[in-house]
file model04.csv (CSV, C-alpha atoms)
chain,number,residue,atom,x,y,z
A,834,MET,CA,-15.1,27.0,8.3
A,835,LYS,CA,-13.5,27.3,4.8
A,836,ALA,CA,-13.7,24.7,2.0
A,837,LEU,CA,-11.7,24.6,-1.2
A,838,ILE,CA,-13.2,22.7,-4.1
A,839,LEU,CA,-10.7,21.7,-6.8
A,840,ASP,CA,-12.7,21.0,-9.9
A,841,GLY,CA,-10.6,18.8,-12.2
A,842,SER,CA,-13.2,18.3,-14.9
A,843,PRO,CA,-12.0,18.5,-18.5
A,844,GLU,CA,-13.8,20.4,-21.2
A,845,GLY,CA,-17.0,18.6,-22.2
A,846,ASP,CA,-17.4,16.7,-18.9
A,847,SER,CA,-21.1,17.0,-18.0
A,848,LEU,CA,-21.1,14.9,-14.8
A,849,THR,CA,-18.3,16.4,-12.6
A,850,PRO,CA,-19.8,20.0,-12.7
A,851,VAL,CA,-23.1,18.5,-11.4
A,852,ALA,CA,-21.2,16.8,-8.5
A,853,VAL,CA,-19.4,20.1,-7.8
A,854,LEU,CA,-22.7,22.0,-7.7
A,855,GLY,CA,-24.1,19.5,-5.3
A,856,MET,CA,-21.1,19.6,-3.0
A,857,HIS,CA,-20.9,23.4,-3.2
A,858,SER,CA,-24.5,23.8,-2.1
A,859,ALA,CA,-24.2,21.1,0.6
A,860,LEU,CA,-21.1,22.9,2.1
A,861,ALA,CA,-22.7,26.3,1.8
A,862,GLY,CA,-25.8,24.9,3.5
A,863,ARG,CA,-23.6,24.0,6.5
A,864,GLY,CA,-22.4,27.6,6.8
A,865,THR,CA,-19.1,26.9,5.1
A,866,ASP,CA,-17.3,29.6,3.1
A,867,VAL,CA,-16.6,27.8,-0.2
A,868,GLU,CA,-13.9,28.6,-2.8
A,869,LEU,CA,-14.3,26.9,-6.1
A,870,VAL,CA,-11.3,26.6,-8.3
A,871,LYS,CA,-11.8,25.4,-11.9
A,872,LEU,CA,-8.4,23.9,-12.7
A,873,ARG,CA,-8.7,23.9,-16.4
A,874,GLU,CA,-8.9,27.7,-16.3
A,875,LEU,CA,-5.6,28.1,-14.5
A,876,ASP,CA,-2.1,28.2,-16.0
A,877,ILE,CA,-0.3,25.4,-14.1
A,878,ALA,CA,2.7,23.6,-15.5
A,879,PRO,CA,3.5,20.0,-14.8
A,880,CYS,CA,5.9,19.2,-11.9
A,881,THR,CA,9.5,19.0,-13.3
A,882,GLY,CA,10.6,16.7,-10.4
A,883,CYS,CA,13.5,19.1,-9.5
A,884,PHE,CA,12.8,19.0,-5.7
A,885,GLY,CA,13.6,22.7,-5.7
A,886,CYS,CA,10.6,23.2,-3.5
A,887,TRP,CA,12.4,21.1,-0.8
A,888,THR,CA,16.0,22.0,-1.3
A,889,ARG,CA,16.2,25.4,-3.0
A,890,THR,CA,13.2,27.4,-1.8
A,891,PRO,CA,11.8,25.1,0.9
A,892,GLY,CA,8.0,25.2,1.1
A,893,GLU,CA,7.5,26.8,-2.3
A,894,CYS,CA,7.8,25.7,-5.9
A,895,VAL,CA,10.6,27.5,-7.8
A,896,PHE,CA,8.2,28.2,-10.7
A,897,PRO,CA,5.9,31.0,-9.8
A,898,ASP,CA,2.7,30.0,-11.5
A,899,GLU,CA,-0.9,29.9,-10.3
A,900,SER,CA,-0.3,26.7,-8.3
A,901,ARG,CA,1.1,28.9,-5.5
A,902,ASP,CA,-2.2,30.7,-5.0
A,903,VAL,CA,-4.0,27.3,-4.8
A,904,LEU,CA,-1.6,26.0,-2.3
A,905,ARG,CA,-2.0,29.1,-0.2
A,906,SER,CA,-5.8,28.6,-0.2
A,907,TYR,CA,-5.3,24.9,0.5
A,908,ILE,CA,-3.3,25.6,3.7
A,909,ALA,CA,-5.9,28.1,4.8
A,910,SER,CA,-8.8,25.7,4.3
A,911,ASP,CA,-10.5,23.2,6.7
A,912,ILE,CA,-11.8,21.0,3.9
A,913,VAL,CA,-10.4,20.3,0.4
A,914,VAL,CA,-12.6,18.5,-2.2
A,915,TYR,CA,-10.9,16.7,-5.1
A,916,ALA,CA,-13.7,16.7,-7.7
A,917,THR,CA,-12.8,14.7,-10.8
A,918,PRO,CA,-14.0,12.2,-13.4
A,919,VAL,CA,-12.7,8.8,-12.2
A,920,THR,CA,-10.0,8.2,-14.8
A,921,PHE,CA,-9.0,4.5,-14.8
A,922,GLY,CA,-9.6,4.6,-11.0
A,923,GLY,CA,-7.5,7.7,-10.6
A,924,TYR,CA,-7.8,11.5,-11.0
A,925,SER,CA,-8.1,13.4,-14.2
A,926,SER,CA,-4.9,14.8,-15.6
A,927,GLN,CA,-6.1,18.3,-14.8
A,928,LEU,CA,-6.4,17.5,-11.1
A,929,LYS,CA,-3.3,15.4,-11.1
A,930,LYS,CA,-1.2,18.2,-12.5
A,931,LEU,CA,-2.1,20.3,-9.5
A,932,LEU,CA,-1.6,17.5,-7.0
A,933,ASP,CA,1.9,16.8,-8.4
A,934,ARG,CA,2.7,20.4,-7.5
A,935,PHE,CA,1.4,19.9,-3.9
A,936,ILE,CA,4.6,18.4,-2.5
A,937,PRO,CA,6.0,21.7,-1.1
A,938,VAL,CA,3.3,21.6,1.6
A,939,LEU,CA,5.2,18.6,3.0
A,940,ASP,CA,8.6,18.5,4.7
A,941,PRO,CA,10.8,16.1,2.7
A,942,ARG,CA,12.2,14.3,5.8
A,943,PHE,CA,10.8,10.9,6.5
A,944,THR,CA,8.6,9.6,9.3
A,945,VAL,CA,6.5,6.5,9.9
A,946,VAL,CA,2.7,6.8,9.6
A,947,GLY,CA,0.5,3.7,9.9
A,948,GLY,CA,3.5,1.4,9.7
A,949,GLU,CA,4.9,2.8,6.5
A,950,VAL,CA,7.2,5.7,5.6
A,951,HIS,CA,5.8,9.1,4.6
A,952,HIS,CA,7.0,12.6,4.5
A,953,ARG,CA,6.8,14.8,7.6
A,954,LEU,CA,4.3,17.6,7.8
A,955,ARG,CA,5.4,21.1,7.2
A,956,TYR,CA,2.3,22.8,8.6
A,957,ARG,CA,0.5,22.4,11.9
A,958,ARG,CA,-2.8,21.7,10.3
A,959,TYR,CA,-4.1,20.5,6.9
A,960,PRO,CA,-7.6,20.4,5.5
A,961,MET,CA,-9.5,17.2,5.6
A,962,THR,CA,-9.4,15.5,2.2
A,963,ILE,CA,-12.6,14.6,0.5
A,964,GLY,CA,-12.7,12.8,-2.9
A,965,LEU,CA,-15.7,13.3,-5.2
A,966,GLY,CA,-15.5,11.2,-8.3
A,967,THR,CA,-17.9,10.8,-11.2
A,968,LEU,CA,-18.4,7.9,-13.5
A,969,SER,CA,-20.8,7.7,-16.5
A,970,ALA,CA,-21.6,4.0,-15.8
A,971,PRO,CA,-21.1,1.6,-12.9
A,972,ASP,CA,-17.5,0.4,-12.6
A,973,PRO,CA,-16.8,-1.3,-9.3
A,974,ASP,CA,-13.1,-1.8,-10.0
A,975,ALA,CA,-12.6,1.9,-10.8
A,976,GLU,CA,-14.7,3.0,-7.9
A,977,ARG,CA,-12.7,0.8,-5.4
A,978,LEU,CA,-9.4,2.0,-6.7
A,979,PHE,CA,-10.5,5.7,-6.5
A,980,LEU,CA,-11.5,5.2,-2.9
A,981,ALA,CA,-8.2,3.6,-2.1
A,982,LEU,CA,-6.3,6.4,-3.9
A,983,VAL,CA,-8.1,9.1,-1.9
A,984,ALA,CA,-7.4,7.2,1.3
A,985,ARG,CA,-3.7,7.0,0.4
A,986,ASN,CA,-3.6,10.8,-0.4
A,987,GLY,CA,-5.1,11.3,3.1
A,988,LEU,CA,-2.2,9.4,4.6
A,989,ASN,CA,0.2,11.7,2.9
A,990,VAL,CA,-1.0,14.4,5.3
A,991,HIS,CA,-1.3,11.9,8.2
A,992,GLN,CA,-5.1,11.8,8.1
A,993,SER,CA,-7.9,9.6,7.1
A,994,ALA,CA,-9.9,10.8,4.1
A,995,GLU,CA,-13.4,10.3,2.8
A,996,ALA,CA,-14.6,9.7,-0.8
A,997,ALA,CA,-17.6,8.8,-2.9
A,998,VAL,CA,-18.4,8.3,-6.5
A,999,LEU,CA,-21.5,9.5,-8.3
A,1000,VAL,CA,-22.5,7.3,-11.2
A,1001,GLY,CA,-24.3,8.9,-14.1
A,1002,GLU,CA,-25.8,11.6,-11.9
A,1003,THR,CA,-27.2,14.5,-13.8
A,1004,ASP,CA,-29.6,15.9,-11.1
A,1005,PRO,CA,-28.0,18.5,-8.9
A,1006,LEU,CA,-30.5,17.7,-6.0
A,1007,SER,CA,-29.4,14.0,-6.0
A,1008,ALA,CA,-25.8,15.1,-6.2
A,1009,ARG,CA,-26.4,17.4,-3.2
A,1010,SER,CA,-27.9,14.4,-1.2
A,1011,LEU,CA,-24.8,12.3,-1.8
A,1012,ALA,CA,-22.6,15.3,-0.8
A,1013,GLU,CA,-24.6,15.6,2.4
A,1014,ARG,CA,-24.1,12.0,3.2
A,1015,LEU,CA,-20.4,12.3,2.4
A,1016,LEU,CA,-20.0,15.3,4.7
A,1017,ASP,CA,-21.9,13.5,7.5
A,1018,ARG,CA,-19.6,10.6,7.2
A,1019,ALA,CA,-16.6,13.0,7.3
A,1020,GLY,CA,-18.0,14.4,10.5
A,1021,ILE,CA,-18.5,17.9,9.1
A,1022,ALA,CA,-21.3,19.2,11.2
A,1023,PRO,CA,-24.2,21.2,9.7
B,540,MET,CA,7.6,-7.9,-32.0
B,541,ASN,CA,7.7,-4.1,-31.7
B,542,ALA,CA,8.0,-2.7,-28.2
B,543,LEU,CA,7.6,0.9,-27.1
B,544,ILE,CA,9.2,1.9,-23.8
B,545,LEU,CA,7.6,5.1,-22.7
B,546,THR,CA,9.4,7.0,-19.9
B,547,GLY,CA,7.0,9.0,-17.8
B,548,SER,CA,9.5,11.0,-15.8
B,549,PRO,CA,10.0,14.8,-16.4
B,550,LYS,CA,13.8,14.1,-16.2
B,551,GLY,CA,13.7,12.1,-19.4
B,552,ARG,CA,17.0,10.4,-20.2
B,553,ASP,CA,18.5,11.5,-16.9
B,554,SER,CA,15.8,9.7,-14.9
B,555,SER,CA,15.8,6.5,-12.8
B,556,SER,CA,12.8,5.4,-14.8
B,557,PHE,CA,14.8,5.6,-18.0
B,558,LEU,CA,17.6,3.7,-16.4
B,559,LEU,CA,15.2,0.9,-15.6
B,560,GLY,CA,13.4,1.1,-18.9
B,561,SER,CA,16.6,1.1,-21.0
B,562,ARG,CA,17.8,-2.0,-19.2
B,563,LEU,CA,14.5,-3.7,-20.1
B,564,GLY,CA,14.9,-2.5,-23.6
B,565,GLU,CA,18.3,-4.1,-23.7
B,566,ALA,CA,16.9,-7.4,-22.5
B,567,LEU,CA,14.1,-7.3,-25.1
B,568,ARG,CA,16.6,-6.5,-27.9
B,569,ASN,CA,18.7,-9.5,-26.8
B,570,HIS,CA,15.6,-11.6,-27.5
B,571,GLY,CA,14.9,-10.2,-31.0
B,572,VAL,CA,12.4,-7.5,-30.1
B,573,THR,CA,12.6,-4.1,-31.9
B,574,VAL,CA,12.5,-1.4,-29.2
B,575,ARG,CA,11.6,2.2,-29.5
B,576,ASP,CA,12.1,4.8,-26.7
B,577,GLU,CA,9.7,7.7,-26.1
B,578,PHE,CA,9.3,10.3,-23.4
B,579,ALA,CA,5.8,11.4,-22.4
B,580,HIS,CA,6.6,14.8,-21.0
B,581,GLN,CA,8.7,16.0,-24.0
B,582,ALA,CA,6.3,14.6,-26.6
B,583,LEU,CA,3.2,16.1,-25.1
B,584,ARG,CA,4.6,19.7,-25.3
B,585,THR,CA,3.6,19.9,-29.0
B,586,GLU,CA,0.7,18.6,-31.1
B,587,GLU,CA,3.0,17.0,-33.5
B,588,GLY,CA,4.9,15.2,-30.6
B,589,THR,CA,1.6,14.1,-29.1
B,590,ARG,CA,0.3,12.7,-32.4
B,591,ARG,CA,3.6,10.9,-33.0
B,592,LEU,CA,3.5,9.4,-29.6
B,593,LEU,CA,-0.1,8.2,-29.9
B,594,ASP,CA,0.8,6.6,-33.3
B,595,ALA,CA,3.7,4.9,-31.6
B,596,VAL,CA,1.4,3.5,-28.9
B,597,ASP,CA,-1.0,2.2,-31.6
B,598,ALA,CA,1.9,0.6,-33.6
B,599,SER,CA,3.4,-1.3,-30.7
B,600,ASP,CA,2.8,-4.9,-29.7
B,601,LEU,CA,4.3,-4.3,-26.3
B,602,LEU,CA,3.9,-1.0,-24.4
B,603,VAL,CA,6.0,-0.5,-21.3
B,604,LEU,CA,5.3,2.4,-19.0
B,605,ALA,CA,8.4,3.3,-16.9
B,606,PHE,CA,7.7,6.1,-14.4
B,607,PRO,CA,8.2,7.4,-10.8
B,608,LEU,CA,5.4,7.4,-8.3
B,609,TYR,CA,3.9,10.9,-8.0
B,610,VAL,CA,1.5,11.3,-5.2
B,611,ASP,CA,0.4,7.7,-5.2
B,612,SER,CA,-0.2,7.7,-8.9
B,613,LEU,CA,1.3,8.4,-12.3
B,614,PRO,CA,2.8,11.8,-13.1
B,615,ALA,CA,0.2,14.1,-14.7
B,616,PRO,CA,1.6,14.1,-18.2
B,617,LEU,CA,1.5,10.3,-18.3
B,618,THR,CA,-2.1,10.4,-17.0
B,619,ARG,CA,-2.8,12.8,-19.9
B,620,LEU,CA,-1.3,10.4,-22.4
B,621,LEU,CA,-3.5,7.6,-21.1
B,622,GLU,CA,-6.6,9.8,-21.4
B,623,LEU,CA,-5.7,10.7,-25.0
B,624,ALA,CA,-4.9,7.1,-25.9
B,625,ALA,CA,-8.2,6.0,-24.5
B,626,GLU,CA,-10.1,8.7,-26.4
B,627,ARG,CA,-8.4,7.7,-29.7
B,628,ARG,CA,-9.0,4.0,-29.1
B,629,THR,CA,-12.7,4.7,-28.5
B,630,ALA,CA,-12.9,6.9,-31.6
B,631,SER,CA,-11.3,4.5,-33.9
B,632,ALA,CA,-12.7,1.4,-32.2
B,633,SER,CA,-9.6,-0.6,-33.3
B,634,PRO,CA,-9.9,-4.1,-31.9
B,635,GLY,CA,-7.3,-5.5,-29.5
B,636,GLY,CA,-4.1,-3.8,-28.6
B,637,PRO,CA,-0.6,-4.3,-27.3
B,638,LEU,CA,0.6,-6.0,-24.2
B,639,LEU,CA,1.0,-3.5,-21.3
B,640,ALA,CA,3.7,-3.8,-18.7
B,641,VAL,CA,4.8,-1.3,-16.0
B,642,LEU,CA,8.1,-0.4,-14.3
B,643,VAL,CA,7.5,1.9,-11.4
B,644,GLN,CA,9.6,3.1,-8.5
B,645,CYS,CA,8.9,5.2,-5.5
B,646,GLY,CA,11.0,7.2,-3.1
B,647,PHE,CA,9.6,5.5,0.0
B,648,PRO,CA,11.1,2.2,1.2
B,649,GLU,CA,7.9,0.2,0.6
B,650,ALA,CA,7.2,-1.1,-2.9
B,651,HIS,CA,3.5,-1.6,-2.0
B,652,GLN,CA,3.1,2.2,-2.0
B,653,CYS,CA,3.1,1.8,-5.8
B,654,ASP,CA,0.0,-0.4,-5.8
B,655,THR,CA,-2.6,2.3,-6.6
B,656,ALA,CA,-0.5,3.5,-9.6
B,657,VAL,CA,-0.2,-0.1,-10.8
B,658,GLY,CA,-4.0,-0.5,-10.4
B,659,ILE,CA,-4.6,2.5,-12.6
B,660,CYS,CA,-2.4,1.1,-15.3
B,661,ARG,CA,-4.2,-2.3,-15.1
B,662,LEU,CA,-7.6,-0.6,-15.5
B,663,PHE,CA,-6.2,1.4,-18.4
B,664,ALA,CA,-5.1,-1.8,-20.1
B,665,GLY,CA,-8.6,-3.2,-19.6
B,666,ARG,CA,-10.3,-0.1,-21.1
B,667,MET,CA,-8.0,-0.2,-24.1
B,668,GLY,CA,-8.4,-3.9,-24.8
B,669,MET,CA,-4.8,-4.4,-24.0
B,670,ARG,CA,-3.5,-7.5,-22.3
B,671,TRP,CA,-2.2,-6.7,-18.8
B,672,ALA,CA,1.3,-8.3,-18.4
B,673,GLY,CA,2.0,-7.1,-14.9
B,674,ALA,CA,4.3,-4.7,-13.1
B,675,LEU,CA,7.7,-4.5,-11.6
B,676,ALA,CA,7.4,-2.1,-8.6
B,677,MET,CA,10.1,-1.1,-6.2
B,678,GLY,CA,10.6,1.2,-3.2
B,679,MET,CA,13.9,3.1,-2.3
B,680,GLY,CA,14.0,4.5,-5.8
B,681,GLY,CA,16.1,7.4,-4.4
B,682,GLN,CA,19.0,5.0,-4.6
B,683,LEU,CA,18.9,4.6,-8.3
B,684,GLY,CA,20.4,8.0,-8.9
B,685,GLY,CA,23.9,6.7,-9.1
B,686,GLY,CA,23.2,4.0,-11.6
B,687,PHE,CA,23.1,0.2,-11.0
B,688,ARG,CA,26.8,-0.1,-10.1
B,689,LYS,CA,26.4,2.1,-7.0
B,690,LEU,CA,23.6,0.0,-5.6
B,691,PRO,CA,24.3,-2.5,-2.9
B,692,GLY,CA,25.3,-5.8,-4.5
B,693,GLY,CA,25.5,-3.9,-7.9
B,694,GLY,CA,21.7,-4.0,-8.0
B,695,ARG,CA,21.9,-7.7,-8.8
B,696,ASN,CA,18.2,-8.4,-7.8
B,697,ILE,CA,16.9,-5.5,-9.9
B,698,LEU,CA,19.0,-6.5,-13.0
B,699,GLU,CA,17.9,-10.1,-12.7
B,700,ALA,CA,14.3,-9.2,-12.3
B,701,ILE,CA,14.4,-7.0,-15.4
B,702,ASP,CA,16.3,-9.5,-17.5
B,703,ARG,CA,13.8,-12.3,-16.6
B,704,THR,CA,11.0,-9.9,-17.4
B,705,GLY,CA,12.5,-9.1,-20.8
B,706,GLU,CA,12.8,-12.7,-21.6
B,707,SER,CA,9.2,-13.4,-20.8
B,708,LEU,CA,7.7,-10.4,-22.4
B,709,ALA,CA,9.7,-11.0,-25.6
B,710,THR,CA,7.7,-14.3,-26.1
B,711,GLY,CA,4.4,-12.7,-25.2
B,712,GLY,CA,4.5,-13.8,-21.6
B,713,ASP,CA,3.7,-11.9,-18.4
B,714,VAL,CA,6.0,-10.3,-15.9
B,715,PRO,CA,7.2,-13.4,-13.9
B,716,GLY,CA,6.1,-13.6,-10.3
B,717,GLU,CA,9.7,-14.3,-9.2
B,718,ALA,CA,10.9,-11.1,-11.0
B,719,MET,CA,8.2,-9.0,-9.2
B,720,ALA,CA,9.5,-10.4,-5.8
B,721,LEU,CA,13.1,-9.8,-6.7
B,722,PHE,CA,12.5,-6.3,-7.9
B,723,SER,CA,10.5,-5.2,-4.8
B,724,ARG,CA,13.1,-6.6,-2.4
B,725,PRO,CA,14.5,-3.7,-0.2
B,726,LEU,CA,18.0,-2.6,-1.2
B,727,VAL,CA,19.0,-1.7,2.4
B,728,PRO,CA,17.2,-1.8,5.8
B,729,ARG,CA,14.4,0.7,6.1
B,730,TRP,CA,16.1,2.6,8.9
B,731,LEU,CA,19.3,3.1,7.0
B,732,TYR,CA,17.4,4.3,3.9
B,733,THR,CA,15.4,6.9,5.9
B,734,LEU,CA,18.5,8.0,7.8
B,735,PHE,CA,20.5,8.7,4.7
B,736,GLY,CA,17.5,10.2,3.0
B,737,ASN,CA,16.9,12.7,5.7
B,738,LEU,CA,20.6,13.7,5.7
B,739,GLY,CA,20.5,13.9,1.9
B,740,TRP,CA,17.9,16.7,1.9
B,741,ARG,CA,20.1,18.9,4.1
B,742,VAL,CA,23.2,18.1,1.9
B,743,GLN,CA,21.2,19.2,-1.2
B,744,MET,CA,20.1,22.4,0.5
B,745,ARG,CA,23.6,23.3,1.3
B,746,LYS,CA,24.7,22.6,-2.3
B,747,ASN,CA,21.8,24.8,-3.5
B,748,LYS,CA,22.7,27.5,-1.0
B,749,ALA,CA,19.0,27.6,0.2
B,750,ARG,CA,18.3,30.7,2.2
B,751,ARG,CA,15.3,29.3,4.1
B,752,PRO,CA,15.2,26.6,6.7
B,753,LEU,CA,14.1,23.2,5.6
B,754,ALA,CA,10.9,23.4,7.6
B,755,TYR,CA,10.0,27.0,6.4
B,756,ARG,CA,6.2,27.6,6.2
B,757,PRO,CA,5.6,30.3,3.5
B,758,TYR,CA,1.8,29.9,3.6
B,759,ALA,CA,1.3,29.9,7.4
B,760,LYS,CA,-0.9,32.6,8.8
call {"tool": "encode", "arguments": {"input": "model04.csv", "output": "structure tokens"}}
result
Amino acid sequence: MKALILDGSPEGDSLTPVAVLGMHSALAGRGTDVELVKLRELDIAPCTGCFGCWTRTPGECVFPDESRDVLRSYIASDIVVYATPVTFGGYSSQLKKLLDRFIPVLDPRFTVVGGEVHHRLRYRRYPMTIGLGTLSAPDPDAERLFLALVARNGLNVHQSAEAAVLVGETDPLSARSLAERLLDRAGIAP
Amino acid sequence: MNALILTGSPKGRDSSSFLLGSRLGEALRNHGVTVRDEFAHQALRTEEGTRRLLDAVDASDLLVLAFPLYVDSLPAPLTRLLELAAERRTASASPGGPLLAVLVQCGFPEAHQCDTAVGICRLFAGRMGMRWAGALAMGMGGQLGGGFRKLPGGGRNILEAIDRTGESLATGGDVPGEAMALFSRPLVPRWLYTLFGNLGWRVQMRKNKARRPLAYRPYAK
């Protein structure tokens, strides 16, 4: 089994790296081959909204930057972890910049999923989506919104998704415990 | 009152978000509001542009975010702007802030798919000490490309919703509930929108002389 952890922490964020460490060790402990991508170290441009990835070079962004390598890894993975500080209930801009570039993995044509319209799938299989957020202090509204956002992102690939938020967690062992519970909930067997 | 209409689409002035935002700007001007237009993607390319944009946010009494839904949320550069604005607000600890309203459209037929993005903006307003005025959210945004005139009924519902919103915001009010309902009303039946949408992708491919099939899988093993 292969897992891809997308670390969307900005410079100076002390909490998300701890959550990532906990998840990395929980996944490795289950015999998973883990690839960790620190997004702030990659050169990825924002999506220009040209739809060239659907109508010019279907399946691939027309701009050949490092997002292509990440997408290739994504499609080859069984699990993808979106690790991010919870930013107004959403993702950090680092993570969001990459996710905006994810649309070539979908087929632009429409289909109905769960009663609402989504894009068709381009590939036969997609990794299970796991959201791993961090907050410095309890914020129930932000936490609820984050869980809802990850669930909606799961729907985009016609799946359910799992997510959790670590609040003020600086201990890697506690972070690993939460990651273990999250993986159990997602049905990822040890 | 000073209003800042901030377009969060990479297409800038050519975008549907700007089409909607500029109509709201017109409605606000008709009620005596001074309106300034800015573009997040362009401004964030330089330090000077970023600083100018953040200054404009701080100087506004009404901030309107006009953007397309990107992956259930705001486009990344607009997210970056919210992060920077929040950092600056914390650093300067300036009390209060402008009114925040949102204009969002998505390419799916259902307006409710914009709910998570609207929620993010609402929480941003709370963190910034801004007053949340509400959001106009619509689906079928793919139809806005030809302008209001090419919409069924000339886009009457959309225009009325924006005009009513402009009137209310100009006097410090919220986005009216009736305007939200009008704005989110489907422009055409869902089946028709998806049928033409699906045909449209193929037409675009032919125009672009794409050499791969639409369902090509470059990363398949």
call {"tool": "interface_residues", "arguments": {"input": "model04.csv", "of": "chain B", "to": "chain A", "cutoff": "8 Å", "atoms": "all atoms listed in the file", "output": "PyMOL selection string"}}
result
chain B and resi 548-550+609-612+614-616+618-619+622+647-649+655+658-660+662-663+666+733+736-737+740-741+743-744+747-760
call {"tool": "atom_distance", "arguments": {"input": "model04.csv", "atom1": "CA of Leu558 in chain B", "atom2": "CA of Leu698 in chain B"}}
result
10.8 Å
call {"tool": "residues_around", "arguments": {"input": "model04.csv", "residues": "range 599-608 of chain B", "least_positions_apart": "5", "cutoff": "6 Å", "atoms": "only C-alpha atoms", "output": "list in words"}}
result
Asn541, Ala542, Leu543, Ile544, Leu545, Thr546, Gly547, Ser548, Ser556, Gly560, Leu613, Pro637, Leu638, Leu639, Ala640, Val641, Leu642, Val643, Gln644 and Cys645 of chain B
call {"tool": "write_last_selection", "arguments": {"input": "model04.csv", "atoms": "C-alpha atoms", "output": "mmCIF file, in the coordinates of the input"}}
result
data_model
loop_
_atom_site.group_PDB
_atom_site.id
_atom_site.type_symbol
_atom_site.label_atom_id
_atom_site.label_comp_id
_atom_site.auth_asym_id
_atom_site.auth_seq_id
_atom_site.Cartn_x
_atom_site.Cartn_y
_atom_site.Cartn_z
ATOM 1 C CA ASN B 541 7.700 -4.100 -31.700
ATOM 2 C CA ALA B 542 8.000 -2.700 -28.200
ATOM 3 C CA LEU B 543 7.600 0.900 -27.100
ATOM 4 C CA ILE B 544 9.200 1.900 -23.800
ATOM 5 C CA LEU B 545 7.600 5.100 -22.700
ATOM 6 C CA THR B 546 9.400 7.000 -19.900
ATOM 7 C CA GLY B 547 7.000 9.000 -17.800
ATOM 8 C CA SER B 548 9.500 11.000 -15.800
ATOM 9 C CA SER B 556 12.800 5.400 -14.800
ATOM 10 C CA GLY B 560 13.400 1.100 -18.900
ATOM 11 C CA LEU B 613 1.300 8.400 -12.300
ATOM 12 C CA PRO B 637 -0.600 -4.300 -27.300
ATOM 13 C CA LEU B 638 0.600 -6.000 -24.200
ATOM 14 C CA LEU B 639 1.000 -3.500 -21.300
ATOM 15 C CA ALA B 640 3.700 -3.800 -18.700
ATOM 16 C CA VAL B 641 4.800 -1.300 -16.000
ATOM 17 C CA LEU B 642 8.100 -0.400 -14.300
ATOM 18 C CA VAL B 643 7.500 1.900 -11.400
ATOM 19 C CA GLN B 644 9.600 3.100 -8.500
ATOM 20 C CA CYS B 645 8.900 5.200 -5.500
#
call {"tool": "atom_distance", "arguments": {"input": "model04.csv", "atom1": "CA of Arg584 in chain B", "atom2": "CA of Ser555 in chain B"}}
result
21.4 Å
call {"tool": "residues_around", "arguments": {"input": "model04.csv", "residues": "Asp594 in chain B", "least_positions_apart": "3", "cutoff": "12 Å", "atoms": "all atoms listed in the file", "output": "VMD selection string"}}
result
chain B and resid 543 577 582 587 to 591 597 to 599 620 623 to 624 627 to 628
call {"tool": "atom_distance", "arguments": {"input": "model04.csv", "atom1": "CA of Val895 in chain A", "atom2": "CA of Asp876 in chain A"}}
result
15.1 Å
call {"tool": "residues_around", "arguments": {"input": "model04.csv", "residues": "Thr967 in chain A", "least_positions_apart": "3", "cutoff": "12 Å", "atoms": "all atoms listed in the file", "output": "PyMOL selection string"}}
result
chain A and resi 840-842+846-853+915-925+964+970-972+975-976+979-980+996-1003+1008+1011
call {"tool": "residues_around", "arguments": {"input": "model04.csv", "residues": "range 706-708 of chain B", "least_positions_apart": "4", "cutoff": "9 Å", "atoms": "only C-alpha atoms", "output": "ChimeraX atom specification"}}
result
/B:566-567,569-570,601,638,640,672,701-702,712-715
call {"tool": "residues_around", "arguments": {"input": "model04.csv", "residues": "Gly684 in chain B", "least_positions_apart": "2", "cutoff": "12 Å", "atoms": "all atoms listed in the file", "output": "list in words"}}
result
Lys550, Asp553, Ser554, Ser555, Ser556, Phe557, Leu558, Leu559, Gln644, Gly646, Met679, Gly680, Gly681, Gln682, Gly686, Phe687, Arg688, Lys689 and Leu690 of chain B
call {"tool": "write_last_selection", "arguments": {"input": "model04.csv", "atoms": "C-alpha atoms", "output": "PDB file, keeping the file's coordinate frame"}}
result
ATOM      1  CA  LYS B 550      13.800  14.100 -16.200  1.00  0.00           C
ATOM      2  CA  ASP B 553      18.500  11.500 -16.900  1.00  0.00           C
ATOM      3  CA  SER B 554      15.800   9.700 -14.900  1.00  0.00           C
ATOM      4  CA  SER B 555      15.800   6.500 -12.800  1.00  0.00           C
ATOM      5  CA  SER B 556      12.800   5.400 -14.800  1.00  0.00           C
ATOM      6  CA  PHE B 557      14.800   5.600 -18.000  1.00  0.00           C
ATOM      7  CA  LEU B 558      17.600   3.700 -16.400  1.00  0.00           C
ATOM      8  CA  LEU B 559      15.200   0.900 -15.600  1.00  0.00           C
ATOM      9  CA  GLN B 644       9.600   3.100  -8.500  1.00  0.00           C
ATOM     10  CA  GLY B 646      11.000   7.200  -3.100  1.00  0.00           C
ATOM     11  CA  MET B 679      13.900   3.100  -2.300  1.00  0.00           C
ATOM     12  CA  GLY B 680      14.000   4.500  -5.800  1.00  0.00           C
ATOM     13  CA  GLY B 681      16.100   7.400  -4.400  1.00  0.00           C
ATOM     14  CA  GLN B 682      19.000   5.000  -4.600  1.00  0.00           C
ATOM     15  CA  GLY B 686      23.200   4.000 -11.600  1.00  0.00           C
ATOM     16  CA  PHE B 687      23.100   0.200 -11.000  1.00  0.00           C
ATOM     17  CA  ARG B 688      26.800  -0.100 -10.100  1.00  0.00           C
ATOM     18  CA  LYS B 689      26.400   2.100  -7.000  1.00  0.00           C
ATOM     19  CA  LEU B 690      23.600   0.000  -5.600  1.00  0.00           C
TER      20      LEU B 690
END
call {"tool": "closest_residue", "arguments": {"input": "model04.csv", "among": "A:Ile838, A:Leu968, A:Cys894, A:Met856", "to": "Leu1016 in chain A", "atoms": "all atoms listed in the file"}}
result
A:Met856
